[in-house]
Amino acid sequence: MAEVKDNPDAHRYEVWEDGQLAGFVRYRLDGDRIALVHTETVEAFAGRGLAKVLVTQTLDDVRARGLAVLPFCPYVKGFIAKNPDYLDLVPESERARFELSPA
């Protein structure tokens, strides 16, 4: 079972499976905003849906922490575009910049 956890020292959320690092979302934290800049899955774990698990749990944690999201990572931006329940995490004033708008 995949486990997602924040690794603030490395500035990334990590997904672990069977005790091994399977992927991560790198971020920059600036006050009450978090810029999600890069998502990567370790090749040995590709194709298992772990990126989706990772991004979902990352966004859920960010929401719980009350942070706004700046989705510089194309995968995160695409995920938010396909899952509008997360659009509210992107400040309204920043949505055009990321080509995100309400459906």
# chains A, B, ... in the order shown; residues from 1 in each chain; ligands from 1
$ residues_around --residues "Val90 of chain A" --least-positions-apart "4" --cutoff "10 Å" --atoms "only C-alpha atoms" --output "list in words"
Arg33, Ile34, Leu67, Ala68, Val69, Leu70, Pro71, Lys77, Ile80, Tyr86, Glu94, Arg95, Phe98, Leu100 and Ser101 of chain A
$ select_by_dssp --residues "chain A" --states "helix (DSSP H, G or I)" --output "PyMOL selection string"
chain A and resi 43-45+50-64+74-82+84-89+92-94
$ write_last_selection --atoms "C-alpha atoms" --output "PDB file, in the first residue's frame"
ATOM      1  CA  GLU A  43      10.838   4.255 -13.224  1.00  0.00           C
ATOM      2  CA  ALA A  44      10.501   0.916 -11.413  1.00  0.00           C
ATOM      3  CA  PHE A  45       7.118   2.122 -10.051  1.00  0.00           C
ATOM      4  CA  LEU A  50       1.174   6.295  -7.865  1.00  0.00           C
ATOM      5  CA  ALA A  51       1.502   9.807  -9.326  1.00  0.00           C
ATOM      6  CA  LYS A  52      -2.269  10.225  -8.999  1.00  0.00           C
ATOM      7  CA  VAL A  53      -2.197   8.936  -5.409  1.00  0.00           C
ATOM      8  CA  LEU A  54       0.732  11.221  -4.634  1.00  0.00           C
ATOM      9  CA  VAL A  55      -0.849  14.359  -6.080  1.00  0.00           C
ATOM     10  CA  THR A  56      -4.273  13.638  -4.560  1.00  0.00           C
ATOM     11  CA  GLN A  57      -2.844  13.182  -1.077  1.00  0.00           C
ATOM     12  CA  THR A  58      -0.496  16.149  -1.504  1.00  0.00           C
ATOM     13  CA  LEU A  59      -3.394  18.426  -2.436  1.00  0.00           C
ATOM     14  CA  ASP A  60      -5.522  17.034   0.409  1.00  0.00           C
ATOM     15  CA  ASP A  61      -2.723  17.787   2.894  1.00  0.00           C
ATOM     16  CA  VAL A  62      -2.159  21.252   1.429  1.00  0.00           C
ATOM     17  CA  ARG A  63      -5.891  21.945   1.826  1.00  0.00           C
ATOM     18  CA  ALA A  64      -5.810  20.759   5.453  1.00  0.00           C
ATOM     19  CA  PRO A  74       2.360  20.303 -15.681  1.00  0.00           C
ATOM     20  CA  TYR A  75       1.141  17.056 -14.085  1.00  0.00           C
ATOM     21  CA  VAL A  76      -0.344  18.873 -11.071  1.00  0.00           C
ATOM     22  CA  LYS A  77      -1.885  21.542 -13.312  1.00  0.00           C
ATOM     23  CA  GLY A  78      -3.459  18.847 -15.505  1.00  0.00           C
ATOM     24  CA  PHE A  79      -4.694  16.959 -12.457  1.00  0.00           C
ATOM     25  CA  ILE A  80      -6.419  20.080 -11.107  1.00  0.00           C
ATOM     26  CA  ALA A  81      -7.927  20.795 -14.534  1.00  0.00           C
ATOM     27  CA  LYS A  82      -9.416  17.263 -14.608  1.00  0.00           C
ATOM     28  CA  PRO A  84     -12.201  20.706 -10.401  1.00  0.00           C
ATOM     29  CA  ASP A  85     -12.820  19.919  -6.719  1.00  0.00           C
ATOM     30  CA  TYR A  86      -9.223  21.098  -6.252  1.00  0.00           C
ATOM     31  CA  LEU A  87      -9.523  24.313  -8.288  1.00  0.00           C
ATOM     32  CA  ASP A  88     -10.354  26.334  -5.175  1.00  0.00           C
ATOM     33  CA  LEU A  89      -6.793  25.691  -3.945  1.00  0.00           C
ATOM     34  CA  GLU A  92      -8.597  33.096  -8.296  1.00  0.00           C
ATOM     35  CA  SER A  93      -6.102  35.807  -9.229  1.00  0.00           C
ATOM     36  CA  GLU A  94      -3.608  33.121 -10.379  1.00  0.00           C
TER      37      GLU A  94
END
$ residues_around --residues "segment 1-4 of chain A" --least-positions-apart "2" --cutoff "6 Å" --atoms "only C-alpha atoms" --output "ChimeraX atom specification"
/A:14-17
$ residues_around --residues "segment 35-39 of chain A" --least-positions-apart "3" --cutoff "6 Å" --atoms "only C-alpha atoms" --output "PyMOL selection string"
chain A and resi 24-28+69-73
$ atom_distance --atom1 "atom CA of Val42 of chain A" --atom2 "atom CA of Leu21 of chain A"
7.6 Å
$ atom_distance --atom1 "atom CA of Gly66 of chain A" --atom2 "atom CA of Asp32 of chain A"
7.3 Å
$ atom_distance --atom1 "atom CA of Pro8 of chain A" --atom2 "atom CA of Pro91 of chain A"
22.8 Å
